[in-house]
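Text of model-v7.csv (CSV, C-alpha atoms and all ligand atoms) as supplied:
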```
chain,number,residue,atom,x,y,z
A,1,MET,CA,21.2,-38.7,95.1
A,2,THR,CA,20.1,-35.1,95.2
A,3,ILE,CA,17.8,-33.5,92.7
A,4,SER,CA,17.2,-29.8,92.3
A,5,LEU,CA,15.1,-27.4,90.2
A,6,ILE,CA,15.7,-23.7,89.7
A,7,SER,CA,13.3,-21.1,88.2
A,8,PRO,CA,12.7,-17.4,88.0
A,9,GLY,CA,11.0,-15.8,91.0
A,10,ARG,CA,7.8,-15.1,89.1
A,11,TYR,CA,6.6,-15.7,85.5
A,12,VAL,CA,3.8,-13.5,84.1
A,13,GLN,CA,2.3,-14.0,80.6
A,14,GLY,CA,-0.7,-12.4,78.9
A,15,GLU,CA,-2.0,-10.0,76.4
A,16,GLY,CA,-1.5,-6.5,77.9
A,17,ALA,CA,0.7,-7.8,80.8
A,18,LEU,CA,3.2,-4.9,80.3
A,19,LYS,CA,0.7,-2.4,81.7
A,20,ASP,CA,0.7,-4.2,85.0
A,21,LEU,CA,4.5,-4.3,85.3
A,22,GLY,CA,4.6,-1.7,88.1
A,23,LYS,CA,2.7,-3.9,90.5
A,24,TYR,CA,5.4,-6.6,90.4
A,25,LEU,CA,8.3,-4.2,91.0
A,26,GLU,CA,7.3,-3.2,94.6
A,27,SER,CA,10.3,-4.9,96.3
A,28,PHE,CA,13.0,-4.1,93.8
A,29,GLY,CA,13.9,-0.5,94.7
A,30,LYS,CA,13.4,2.9,93.2
A,31,LYS,CA,15.5,3.2,90.1
A,32,ALA,CA,15.9,0.9,87.1
A,33,LEU,CA,18.6,0.6,84.5
A,34,VAL,CA,16.7,-0.5,81.4
A,35,VAL,CA,18.8,-2.3,78.7
A,36,ALA,CA,16.5,-2.1,75.7
A,37,SER,CA,16.7,-3.2,72.1
A,38,GLY,CA,16.3,-0.3,69.6
A,39,SER,CA,13.4,-1.9,67.8
A,40,GLY,CA,11.6,-2.8,71.1
A,41,LEU,CA,12.0,0.7,72.4
A,42,LYS,CA,10.7,2.2,69.2
A,43,ALA,CA,7.6,0.0,69.0
A,44,TRP,CA,6.8,-0.3,72.8
A,45,GLY,CA,8.9,2.3,74.6
A,46,GLU,CA,5.8,4.3,75.7
A,47,GLU,CA,4.0,1.2,77.0
A,48,LEU,CA,7.1,0.3,78.9
A,49,LYS,CA,7.4,3.7,80.5
A,50,ALA,CA,3.7,3.7,81.4
A,51,GLY,CA,4.2,0.2,83.0
A,52,LEU,CA,7.0,1.5,85.1
A,53,LYS,CA,4.6,3.8,86.8
A,54,ASP,CA,6.3,5.7,89.7
A,55,LYS,CA,9.8,4.1,89.2
A,56,GLU,CA,12.7,6.2,88.2
A,57,TYR,CA,14.7,4.8,85.3
A,58,VAL,CA,17.6,5.4,82.9
A,59,ILE,CA,17.3,3.7,79.5
A,60,ASP,CA,20.2,2.4,77.4
A,61,ASN,CA,19.3,2.0,73.8
A,62,PHE,CA,21.3,-1.2,73.3
A,63,GLY,CA,20.6,-1.3,69.5
A,64,GLY,CA,21.8,-4.5,67.9
A,65,LYS,CA,25.0,-4.8,70.0
A,66,GLU,CA,26.4,-8.2,71.1
A,67,CYS,CA,26.2,-9.5,74.7
A,68,SER,CA,30.0,-8.9,75.0
A,69,GLN,CA,32.3,-8.1,77.9
A,70,ILE,CA,32.8,-4.6,76.5
A,71,GLN,CA,29.1,-3.9,76.6
A,72,ILE,CA,28.6,-5.4,80.0
A,73,ASN,CA,31.4,-3.3,81.5
A,74,ARG,CA,30.0,-0.2,79.9
A,75,LEU,CA,26.6,-0.8,81.4
A,76,VAL,CA,28.0,-1.7,84.8
A,77,GLU,CA,29.7,1.7,84.9
A,78,LEU,CA,26.4,3.4,83.8
A,79,GLY,CA,24.5,1.5,86.6
A,80,LYS,CA,27.0,2.6,89.2
A,81,GLN,CA,27.0,6.3,88.0
A,82,GLU,CA,23.2,6.3,88.1
A,83,ALA,CA,23.0,4.3,91.4
A,84,VAL,CA,20.3,2.0,90.1
A,85,ASP,CA,18.5,-0.5,92.3
A,86,PHE,CA,17.5,-3.1,89.7
A,87,VAL,CA,18.0,-3.9,86.0
A,88,ILE,CA,15.4,-4.5,83.3
A,89,GLY,CA,16.3,-6.3,80.0
A,90,PHE,CA,13.8,-5.4,77.3
A,91,GLY,CA,13.9,-6.8,73.8
A,92,GLY,CA,15.5,-9.9,72.3
A,93,GLY,CA,18.2,-12.3,73.5
A,94,LYS,CA,21.1,-9.9,73.4
A,95,PRO,CA,19.8,-7.1,75.7
A,96,ILE,CA,18.2,-9.8,77.9
A,97,ASP,CA,21.5,-11.7,78.4
A,98,THR,CA,23.4,-8.4,78.9
A,99,ALA,CA,20.9,-7.2,81.5
A,100,LYS,CA,21.4,-10.4,83.5
A,101,ALA,CA,25.2,-10.1,83.4
A,102,VAL,CA,25.1,-6.4,84.4
A,103,ALA,CA,22.7,-7.1,87.3
A,104,HIS,CA,25.1,-9.8,88.5
A,105,LYS,CA,28.2,-7.5,88.2
A,106,LEU,CA,26.3,-4.8,90.1
A,107,GLY,CA,26.2,-7.1,93.1
A,108,ASN,CA,23.4,-9.5,92.2
A,109,ILE,CA,20.8,-6.8,92.3
A,110,PRO,CA,17.2,-7.7,91.1
A,111,VAL,CA,16.7,-8.3,87.3
A,112,VAL,CA,13.5,-8.1,85.4
A,113,ILE,CA,13.3,-9.7,81.9
A,114,ILE,CA,10.7,-8.5,79.4
A,115,PRO,CA,11.1,-10.2,76.1
A,116,THR,CA,9.5,-8.5,73.1
A,117,ILE,CA,10.0,-11.6,70.9
A,118,ALA,CA,9.8,-15.3,71.8
A,119,ALA,CA,12.9,-16.2,69.8
A,120,THR,CA,14.9,-18.0,72.6
A,121,ASP,CA,14.7,-19.5,76.0
A,122,ALA,CA,17.1,-16.9,77.4
A,123,PRO,CA,14.6,-15.0,79.6
A,124,THR,CA,14.1,-17.4,82.5
A,125,SER,CA,17.6,-18.8,83.0
A,126,ALA,CA,20.4,-17.9,85.4
A,127,LEU,CA,23.0,-17.6,82.7
A,128,SER,CA,24.2,-15.4,79.8
A,129,VAL,CA,26.0,-16.5,76.7
A,130,ILE,CA,28.9,-14.1,76.1
A,131,TYR,CA,30.0,-13.4,72.5
A,132,THR,CA,32.9,-11.3,71.1
A,133,GLU,CA,32.0,-7.9,69.6
A,134,GLU,CA,32.1,-9.8,66.2
A,135,GLY,CA,29.4,-12.3,67.3
A,136,VAL,CA,31.6,-15.4,67.9
A,137,TYR,CA,30.7,-17.5,70.9
A,138,GLU,CA,33.1,-16.9,73.8
A,139,ALA,CA,31.7,-18.3,77.1
A,140,VAL,CA,28.7,-19.0,79.3
A,141,TRP,CA,28.4,-17.1,82.5
A,142,THR,CA,26.2,-18.6,85.2
A,143,PHE,CA,24.7,-16.6,88.1
A,144,PRO,CA,23.6,-17.5,91.6
A,145,ASN,CA,20.0,-16.6,90.9
A,146,ASN,CA,17.4,-16.7,88.1
A,147,PRO,CA,15.7,-13.4,87.1
A,148,ASN,CA,13.4,-12.1,89.8
A,149,LEU,CA,10.6,-11.5,87.3
A,150,VAL,CA,10.0,-12.6,83.7
A,151,LEU,CA,7.0,-10.8,82.1
A,152,VAL,CA,5.8,-11.7,78.6
A,153,ASP,CA,3.1,-9.5,76.9
A,154,THR,CA,1.7,-11.8,74.3
A,155,GLY,CA,0.1,-8.8,72.6
A,156,ILE,CA,3.6,-7.6,71.9
A,157,ILE,CA,4.8,-11.0,70.8
A,158,ALA,CA,1.8,-11.2,68.4
A,159,LYS,CA,3.0,-8.1,66.6
A,160,SER,CA,6.6,-9.3,66.2
A,161,PRO,CA,7.9,-10.9,63.0
A,162,ALA,CA,6.8,-14.5,62.7
A,163,ARG,CA,10.4,-15.6,62.0
A,164,PHE,CA,11.2,-14.8,65.7
A,165,LEU,CA,8.5,-17.1,67.1
A,166,VAL,CA,9.6,-19.8,64.7
A,167,ALA,CA,13.2,-19.4,65.8
A,168,GLY,CA,12.0,-19.8,69.4
A,169,MET,CA,10.3,-23.1,68.4
A,170,GLY,CA,13.7,-24.3,67.1
A,171,ASP,CA,15.3,-23.5,70.4
A,172,ALA,CA,12.5,-25.2,72.3
A,173,LEU,CA,12.6,-28.2,70.0
A,174,ALA,CA,16.0,-29.2,71.3
A,175,THR,CA,14.9,-29.2,74.9
A,176,LYS,CA,13.4,-32.7,75.1
A,177,PHE,CA,16.2,-34.4,73.3
A,178,GLU,CA,19.0,-32.7,75.1
A,179,ALA,CA,17.1,-33.5,78.4
A,180,GLU,CA,17.0,-37.2,77.4
A,181,ALA,CA,20.8,-37.2,76.5
A,182,ASN,CA,21.7,-35.8,79.9
A,183,PHE,CA,19.3,-38.1,81.8
A,184,GLN,CA,20.8,-41.1,80.1
A,185,ALA,CA,24.3,-39.9,80.9
A,186,ASN,CA,23.2,-39.3,84.6
A,187,ASN,CA,24.7,-35.8,84.4
A,188,ASP,CA,24.2,-33.0,86.9
A,189,THR,CA,22.1,-30.1,85.5
A,190,ASN,CA,22.7,-26.3,85.7
A,191,ALA,CA,20.8,-26.6,89.0
A,192,GLY,CA,23.8,-28.4,90.5
A,193,ALA,CA,22.2,-31.8,91.0
A,194,LYS,CA,20.3,-34.5,89.2
A,195,ALA,CA,17.2,-33.7,87.1
A,196,THR,CA,13.8,-33.7,88.7
A,197,VAL,CA,10.9,-35.8,87.3
A,198,THR,CA,9.2,-32.4,87.1
A,199,ALA,CA,11.9,-31.0,84.7
A,200,ARG,CA,11.9,-34.0,82.5
A,201,THR,CA,8.1,-33.8,82.2
A,202,LEU,CA,8.3,-30.1,81.4
A,203,ALA,CA,10.8,-30.9,78.5
A,204,ASN,CA,8.4,-33.6,77.1
A,205,LEU,CA,5.4,-31.2,77.4
A,206,CYS,CA,7.4,-28.5,75.6
A,207,TYR,CA,7.8,-30.9,72.5
A,208,GLU,CA,4.2,-31.9,72.6
A,209,ILE,CA,3.0,-28.3,72.6
A,210,LEU,CA,5.2,-27.4,69.6
A,211,LEU,CA,4.0,-30.3,67.5
A,212,GLU,CA,0.3,-29.6,68.4
A,213,TYR,CA,0.2,-25.9,68.3
A,214,GLY,CA,3.3,-24.7,66.5
A,215,PRO,CA,1.8,-24.2,63.1
A,216,MET,CA,-1.3,-22.5,64.5
A,217,ALA,CA,0.8,-20.2,66.6
A,218,LYS,CA,2.8,-19.2,63.6
A,219,ALA,CA,-0.4,-18.4,61.7
A,220,ALA,CA,-1.5,-16.2,64.6
A,221,VAL,CA,1.7,-14.2,64.7
A,222,GLU,CA,1.5,-13.8,60.9
A,223,GLU,CA,-1.9,-12.1,61.4
A,224,GLY,CA,-0.8,-10.2,64.5
A,225,ILE,CA,-3.4,-11.8,66.7
A,226,VAL,CA,-3.4,-13.6,70.1
A,227,THR,CA,-4.9,-17.1,70.1
A,228,PRO,CA,-4.8,-19.9,72.7
A,229,ALA,CA,-2.3,-21.7,70.4
A,230,LEU,CA,0.0,-18.6,70.4
A,231,GLU,CA,-0.3,-18.4,74.2
A,232,GLN,CA,0.7,-22.1,74.5
A,233,VAL,CA,3.6,-21.8,72.1
A,234,VAL,CA,4.9,-18.7,73.8
A,235,GLU,CA,4.8,-20.5,77.1
A,236,ALA,CA,6.6,-23.5,75.5
A,237,ASN,CA,9.3,-21.2,73.9
A,238,VAL,CA,10.0,-19.1,76.9
A,239,LEU,CA,9.0,-20.9,80.1
A,240,LEU,CA,9.1,-24.7,79.3
A,241,SER,CA,12.1,-24.5,77.1
A,242,GLY,CA,13.9,-22.2,79.7
A,243,LEU,CA,13.1,-24.4,82.7
A,244,GLY,CA,13.6,-27.5,80.6
A,245,PHE,CA,17.1,-26.8,79.4
A,246,GLU,CA,18.4,-25.3,82.7
A,247,ASN,CA,17.0,-28.1,84.8
A,248,ASN,CA,17.9,-31.0,82.5
A,249,GLY,CA,21.0,-29.8,80.6
A,250,VAL,CA,22.0,-29.0,77.1
A,251,ALA,CA,23.9,-31.4,74.8
A,252,GLY,CA,24.6,-32.1,71.1
A,253,ALA,CA,22.2,-29.6,69.5
A,254,HIS,CA,23.4,-26.5,71.3
A,255,ALA,CA,27.0,-27.6,71.2
A,256,MET,CA,26.9,-28.0,67.4
A,257,HIS,CA,25.1,-24.6,67.2
A,258,ASP,CA,28.0,-23.0,69.1
A,259,GLY,CA,30.4,-24.7,66.7
A,260,PHE,CA,28.6,-23.2,63.8
A,261,THR,CA,29.2,-19.6,65.1
A,262,VAL,CA,32.8,-19.9,63.7
A,263,LEU,CA,31.3,-19.8,60.2
A,264,GLU,CA,30.6,-16.3,58.8
A,265,ASP,CA,28.0,-17.9,56.5
A,266,VAL,CA,25.5,-18.6,59.4
A,267,HIS,CA,25.6,-15.2,61.1
A,268,GLY,CA,22.4,-14.0,59.3
A,269,TYR,CA,20.5,-16.8,60.9
A,270,TYR,CA,19.0,-16.8,64.4
A,271,HIS,CA,20.1,-19.0,67.3
A,272,GLY,CA,16.9,-21.0,67.3
A,273,GLU,CA,17.0,-21.6,63.5
A,274,LYS,CA,20.4,-23.1,63.8
A,275,VAL,CA,19.5,-25.0,67.0
A,276,GLY,CA,16.4,-26.3,65.0
A,277,PHE,CA,18.7,-27.8,62.4
A,278,CYS,CA,21.3,-29.0,64.9
A,279,THR,CA,18.5,-30.9,66.7
A,280,ILE,CA,18.1,-33.1,63.7
A,281,ALA,CA,21.9,-33.6,63.6
A,282,GLN,CA,21.9,-34.6,67.3
A,283,LEU,CA,19.2,-37.2,66.6
A,284,VAL,CA,21.2,-38.5,63.7
A,285,MET,CA,24.3,-38.8,65.8
A,286,GLU,CA,22.4,-40.6,68.5
A,287,GLY,CA,21.1,-43.1,66.0
A,288,ARG,CA,17.4,-42.4,66.8
A,289,PRO,CA,14.6,-44.2,64.9
A,290,ALA,CA,13.6,-43.0,61.4
A,291,GLU,CA,10.1,-42.3,62.6
A,292,LEU,CA,11.2,-39.8,65.2
A,293,ILE,CA,13.7,-38.1,62.9
A,294,GLU,CA,11.1,-37.8,60.2
A,295,GLU,CA,8.6,-36.3,62.7
A,296,VAL,CA,11.2,-33.6,63.6
A,297,ILE,CA,12.1,-32.9,60.0
A,298,ASN,CA,8.5,-32.6,59.1
A,299,PHE,CA,7.8,-30.3,62.0
A,300,ASN,CA,10.7,-28.0,61.0
A,301,TYR,CA,9.6,-28.0,57.4
A,302,THR,CA,6.0,-27.2,58.4
A,303,VAL,CA,6.8,-24.2,60.6
A,304,GLY,CA,9.7,-23.0,58.5
A,305,LEU,CA,12.7,-24.1,60.4
A,306,PRO,CA,15.8,-25.2,58.5
A,307,ILE,CA,16.4,-28.8,57.5
A,308,THR,CA,19.4,-28.4,55.3
A,309,LEU,CA,22.8,-26.6,55.5
A,310,ALA,CA,21.8,-24.4,52.6
A,311,GLN,CA,18.9,-23.1,54.7
A,312,ILE,CA,21.4,-21.8,57.3
A,313,GLY,CA,23.6,-20.2,54.7
A,314,VAL,CA,26.2,-23.0,54.2
A,315,THR,CA,26.3,-23.6,50.4
A,316,GLU,CA,29.9,-24.1,49.3
A,317,ASP,CA,33.2,-25.7,50.6
A,318,ILE,CA,30.9,-27.7,52.8
A,319,PRO,CA,33.4,-30.5,53.9
A,320,ALA,CA,36.0,-28.0,55.0
A,321,LYS,CA,33.5,-25.8,56.8
A,322,ILE,CA,31.8,-28.6,58.6
A,323,LYS,CA,35.2,-30.0,59.6
A,324,LYS,CA,35.9,-26.6,61.2
A,325,VAL,CA,32.5,-26.6,62.9
A,326,SER,CA,33.0,-30.2,64.2
A,327,GLU,CA,36.4,-29.1,65.8
A,328,SER,CA,34.9,-26.0,67.4
A,329,VAL,CA,32.1,-27.4,69.4
A,330,PRO,CA,32.4,-26.7,73.2
A,331,ASP,CA,33.2,-29.4,75.7
A,332,TYR,CA,29.6,-29.8,76.8
A,333,VAL,CA,28.9,-31.9,73.7
A,334,HIS,CA,30.3,-34.6,76.0
A,335,ASN,CA,27.0,-34.4,77.9
A,336,GLU,CA,25.8,-36.9,75.4
A,337,PRO,CA,25.7,-40.4,76.9
A,338,PHE,CA,28.4,-41.9,74.5
A,339,GLU,CA,31.8,-40.9,73.3
A,340,VAL,CA,31.5,-37.9,70.9
A,341,THR,CA,34.3,-37.2,68.4
A,342,ALA,CA,34.8,-34.5,65.8
A,343,LYS,CA,34.3,-37.2,63.2
A,344,LYS,CA,30.9,-38.2,64.7
A,345,ILE,CA,29.8,-34.6,64.7
A,346,TYR,CA,30.9,-34.1,61.1
A,347,ASP,CA,29.0,-37.2,59.9
A,348,ALA,CA,25.9,-36.2,61.9
A,349,ILE,CA,25.7,-32.7,60.5
A,350,LEU,CA,26.2,-34.0,56.9
A,351,GLY,CA,23.8,-36.8,57.7
A,352,ALA,CA,21.1,-34.4,58.8
A,353,ASP,CA,21.7,-32.3,55.7
A,354,ALA,CA,21.4,-35.3,53.5
A,355,LEU,CA,18.0,-36.3,55.0
A,356,GLY,CA,16.8,-32.7,54.7
A,357,ARG,CA,17.8,-32.4,51.0
A,358,ARG,CA,16.0,-35.7,50.2
A,359,PHE,CA,12.9,-34.6,52.1
A,360,LEU,CA,12.8,-31.4,49.9
A,361,GLU,CA,13.2,-33.5,46.7
A,362,GLN,CA,10.2,-35.7,47.5
A,401,ZN,ZN,19.2,-22.1,73.1
```
Please lay out the structure from this file as structure tokens.
Amino acid sequence: MTISLISPGRYVQGEGALKDLGKYLESFGKKALVVASGSGLKAWGEELKAGLKDKEYVIDNFGGKECSQIQINRLVELGKQEAVDFVIGFGGGKPIDTAKAVAHKLGNIPVVIIPTIAATDAPTSALSVIYTEEGVYEAVWTFPNNPNLVLVDTGIIAKSPARFLVAGMGDALATKFEAEANFQANNDTNAGAKATVTARTLANLCYEILLEYGPMAKAAVEEGIVTPALEQVVEANVLLSGLGFENNGVAGAHAMHDGFTVLEDVHGYYHGEKVGFCTIAQLVMEGRPAELIEEVINFNYTVGLPITLAQIGVTEDIPAKIKKVSESVPDYVHNEPFEVTAKKIYDAILGADALGRRFLEQ
């Protein structure tokens, strides 16, 4: 049996870390293509430019576009025209995933990821989730290498809307349970072999940090301040969740999330919010003990993650819509250690919703 673990070349986190960016870029070449979210650029563009020091750069204001093949091709052309040496993804999940795909298509040139929100575990991984221009899940692209550098300035994260940090906790919440499903099924991970003890331990630690520090971290972001609780939750959302999912595997929660993207109703909700709800559905499908499911529902409720379908925008024609979702989950739902059918998924989602509604009625 072979085990393997993959990770970014370097992870840097701290308040004010962006000002030190230049010192980590030494070996990456002269010129950067920066794929930046509009809001990130507006709020932190000057700090980013200062951090780049003597590097040349061309900045693409990515706005709120999707990580789609059309956008990737457009930026690959720009990168070629500008003869860039490396790519920087600056902002949320979409510019980050786009930057990774663009760097890959430019010949696996170095890629630097600077998240301005801690809403997903996208920054550290060697993959991008590709959507259509309309925001419907299309595919996962995997790359030979993880980002060369992931730099998280917690001073920036602290000033972002609390809803993003909470969404990141929802994404991180699934990590431990998806790891357990994959381990039970003895699956290979994204690292191409069996999971390490290290990776399983990281997934457990991720969950422990969320339960212990999640509510305090949310309070810190609401006040725009950096506390040790926020530092720990940012590390859980970005590093532990990222290493955890990639080195253990994803399963029911993410597969159901991807199924939900076929519903227009949920498009106003973030990835992590939907994954947070789908984590409960995965646990219901797995027949986990009430005590554990109650712990997760209680956590979601406390930090403001959804526990019902209504809280992710699904309020009418529920049976027909969830039937459609259950038939749209990608194949990796079979990473679960038992036979999964559309009927089981349907019942699990409605089962999770039922528990959430009863919790709210208490
Ligand atoms: Zn995720």
> Using all atoms listed in the file, which residues sit within 9 Å of Lys100 in chain A once same-chain residues fewer than 3 positions away are excluded, as a list in words?
Replying inline: Val87, Ile88, Gly89, Pro95, Ile96, Asp97, Ala103, His104, Lys105, Asn108, Val111, Val112, Ile113, Ala126, Leu127, Ser128, Phe143, Asn146 and Pro147 of chain A
Grab the residues selected above and save them as a PDB file, keeping the file's coordinate frame with C-alpha atoms.
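Generated file (result-v4.pdb):
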```
ATOM      1  CA  VAL A  87      18.000  -3.900  86.000  1.00  0.00           C
ATOM      2  CA  ILE A  88      15.400  -4.500  83.300  1.00  0.00           C
ATOM      3  CA  GLY A  89      16.300  -6.300  80.000  1.00  0.00           C
ATOM      4  CA  PRO A  95      19.800  -7.100  75.700  1.00  0.00           C
ATOM      5  CA  ILE A  96      18.200  -9.800  77.900  1.00  0.00           C
ATOM      6  CA  ASP A  97      21.500 -11.700  78.400  1.00  0.00           C
ATOM      7  CA  ALA A 103      22.700  -7.100  87.300  1.00  0.00           C
ATOM      8  CA  HIS A 104      25.100  -9.800  88.500  1.00  0.00           C
ATOM      9  CA  LYS A 105      28.200  -7.500  88.200  1.00  0.00           C
ATOM     10  CA  ASN A 108      23.400  -9.500  92.200  1.00  0.00           C
ATOM     11  CA  VAL A 111      16.700  -8.300  87.300  1.00  0.00           C
ATOM     12  CA  VAL A 112      13.500  -8.100  85.400  1.00  0.00           C
ATOM     13  CA  ILE A 113      13.300  -9.700  81.900  1.00  0.00           C
ATOM     14  CA  ALA A 126      20.400 -17.900  85.400  1.00  0.00           C
ATOM     15  CA  LEU A 127      23.000 -17.600  82.700  1.00  0.00           C
ATOM     16  CA  SER A 128      24.200 -15.400  79.800  1.00  0.00           C
ATOM     17  CA  PHE A 143      24.700 -16.600  88.100  1.00  0.00           C
ATOM     18  CA  ASN A 146      17.400 -16.700  88.100  1.00  0.00           C
ATOM     19  CA  PRO A 147      15.700 -13.400  87.100  1.00  0.00           C
TER      20      PRO A 147
END
```
Name each residue within 12 Å of ligand ZN 401 (chain A), counting all atoms listed in the file, as a PDB file with C-alpha atoms, keeping the file's coordinate frame.
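Listed below is the output, pocket-v9.pdb:
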```
ATOM      1  CA  GLY A  93      18.200 -12.300  73.500  1.00  0.00           C
ATOM      2  CA  ASP A  97      21.500 -11.700  78.400  1.00  0.00           C
ATOM      3  CA  ALA A 118       9.800 -15.300  71.800  1.00  0.00           C
ATOM      4  CA  ALA A 119      12.900 -16.200  69.800  1.00  0.00           C
ATOM      5  CA  THR A 120      14.900 -18.000  72.600  1.00  0.00           C
ATOM      6  CA  ASP A 121      14.700 -19.500  76.000  1.00  0.00           C
ATOM      7  CA  ALA A 122      17.100 -16.900  77.400  1.00  0.00           C
ATOM      8  CA  PRO A 123      14.600 -15.000  79.600  1.00  0.00           C
ATOM      9  CA  THR A 124      14.100 -17.400  82.500  1.00  0.00           C
ATOM     10  CA  SER A 125      17.600 -18.800  83.000  1.00  0.00           C
ATOM     11  CA  LEU A 127      23.000 -17.600  82.700  1.00  0.00           C
ATOM     12  CA  SER A 128      24.200 -15.400  79.800  1.00  0.00           C
ATOM     13  CA  VAL A 129      26.000 -16.500  76.700  1.00  0.00           C
ATOM     14  CA  VAL A 140      28.700 -19.000  79.300  1.00  0.00           C
ATOM     15  CA  ALA A 167      13.200 -19.400  65.800  1.00  0.00           C
ATOM     16  CA  GLY A 168      12.000 -19.800  69.400  1.00  0.00           C
ATOM     17  CA  MET A 169      10.300 -23.100  68.400  1.00  0.00           C
ATOM     18  CA  GLY A 170      13.700 -24.300  67.100  1.00  0.00           C
ATOM     19  CA  ASP A 171      15.300 -23.500  70.400  1.00  0.00           C
ATOM     20  CA  ALA A 172      12.500 -25.200  72.300  1.00  0.00           C
ATOM     21  CA  LEU A 173      12.600 -28.200  70.000  1.00  0.00           C
ATOM     22  CA  ALA A 174      16.000 -29.200  71.300  1.00  0.00           C
ATOM     23  CA  THR A 175      14.900 -29.200  74.900  1.00  0.00           C
ATOM     24  CA  GLU A 178      19.000 -32.700  75.100  1.00  0.00           C
ATOM     25  CA  ASN A 237       9.300 -21.200  73.900  1.00  0.00           C
ATOM     26  CA  VAL A 238      10.000 -19.100  76.900  1.00  0.00           C
ATOM     27  CA  SER A 241      12.100 -24.500  77.100  1.00  0.00           C
ATOM     28  CA  GLY A 242      13.900 -22.200  79.700  1.00  0.00           C
ATOM     29  CA  LEU A 243      13.100 -24.400  82.700  1.00  0.00           C
ATOM     30  CA  GLY A 244      13.600 -27.500  80.600  1.00  0.00           C
ATOM     31  CA  PHE A 245      17.100 -26.800  79.400  1.00  0.00           C
ATOM     32  CA  GLU A 246      18.400 -25.300  82.700  1.00  0.00           C
ATOM     33  CA  GLY A 249      21.000 -29.800  80.600  1.00  0.00           C
ATOM     34  CA  VAL A 250      22.000 -29.000  77.100  1.00  0.00           C
ATOM     35  CA  ALA A 251      23.900 -31.400  74.800  1.00  0.00           C
ATOM     36  CA  GLY A 252      24.600 -32.100  71.100  1.00  0.00           C
ATOM     37  CA  ALA A 253      22.200 -29.600  69.500  1.00  0.00           C
ATOM     38  CA  HIS A 254      23.400 -26.500  71.300  1.00  0.00           C
ATOM     39  CA  ALA A 255      27.000 -27.600  71.200  1.00  0.00           C
ATOM     40  CA  MET A 256      26.900 -28.000  67.400  1.00  0.00           C
ATOM     41  CA  HIS A 257      25.100 -24.600  67.200  1.00  0.00           C
ATOM     42  CA  ASP A 258      28.000 -23.000  69.100  1.00  0.00           C
ATOM     43  CA  TYR A 270      19.000 -16.800  64.400  1.00  0.00           C
ATOM     44  CA  HIS A 271      20.100 -19.000  67.300  1.00  0.00           C
ATOM     45  CA  GLY A 272      16.900 -21.000  67.300  1.00  0.00           C
ATOM     46  CA  GLU A 273      17.000 -21.600  63.500  1.00  0.00           C
ATOM     47  CA  LYS A 274      20.400 -23.100  63.800  1.00  0.00           C
ATOM     48  CA  VAL A 275      19.500 -25.000  67.000  1.00  0.00           C
ATOM     49  CA  GLY A 276      16.400 -26.300  65.000  1.00  0.00           C
ATOM     50  CA  CYS A 278      21.300 -29.000  64.900  1.00  0.00           C
ATOM     51  CA  THR A 279      18.500 -30.900  66.700  1.00  0.00           C
TER      52      THR A 279
END
```
>> Ranking A:Gly92, A:Pro144, A:Gly38, A:Gly287 by minimum distance to Lys344 in chain A and counting all atoms listed in the file, which one comes first?
In response: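 Of A:Gly92, A:Pro144, A:Gly38, A:Gly287, the one nearest Lys344 in chain A, counting all atoms listed in the file, is A:Gly287.
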>> I'd like the contact shell of range 210-226 of chain A - 6 Å cut-off, all atoms listed in the file, skipping same-chain residues fewer than 5 positions apart - returned as a list in words.
In response: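 Those residues are Ala158, Lys159, Ala162 and Val303 of chain A.
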>> With distances taken over all atoms listed in the file, which residue among A:Ala36, A:Leu75, A:Ala195, A:Ile307 lies nearest Ala354 in chain A?
In response: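 So, comparing all the options, the nearest one is A:Ile307.
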> What is the CA of Ile6 in chain A-CA of Arg200 in chain A distance in Å, reported with one decimal?
Replying inline: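 Interatomic distance here is 13.1 Å.
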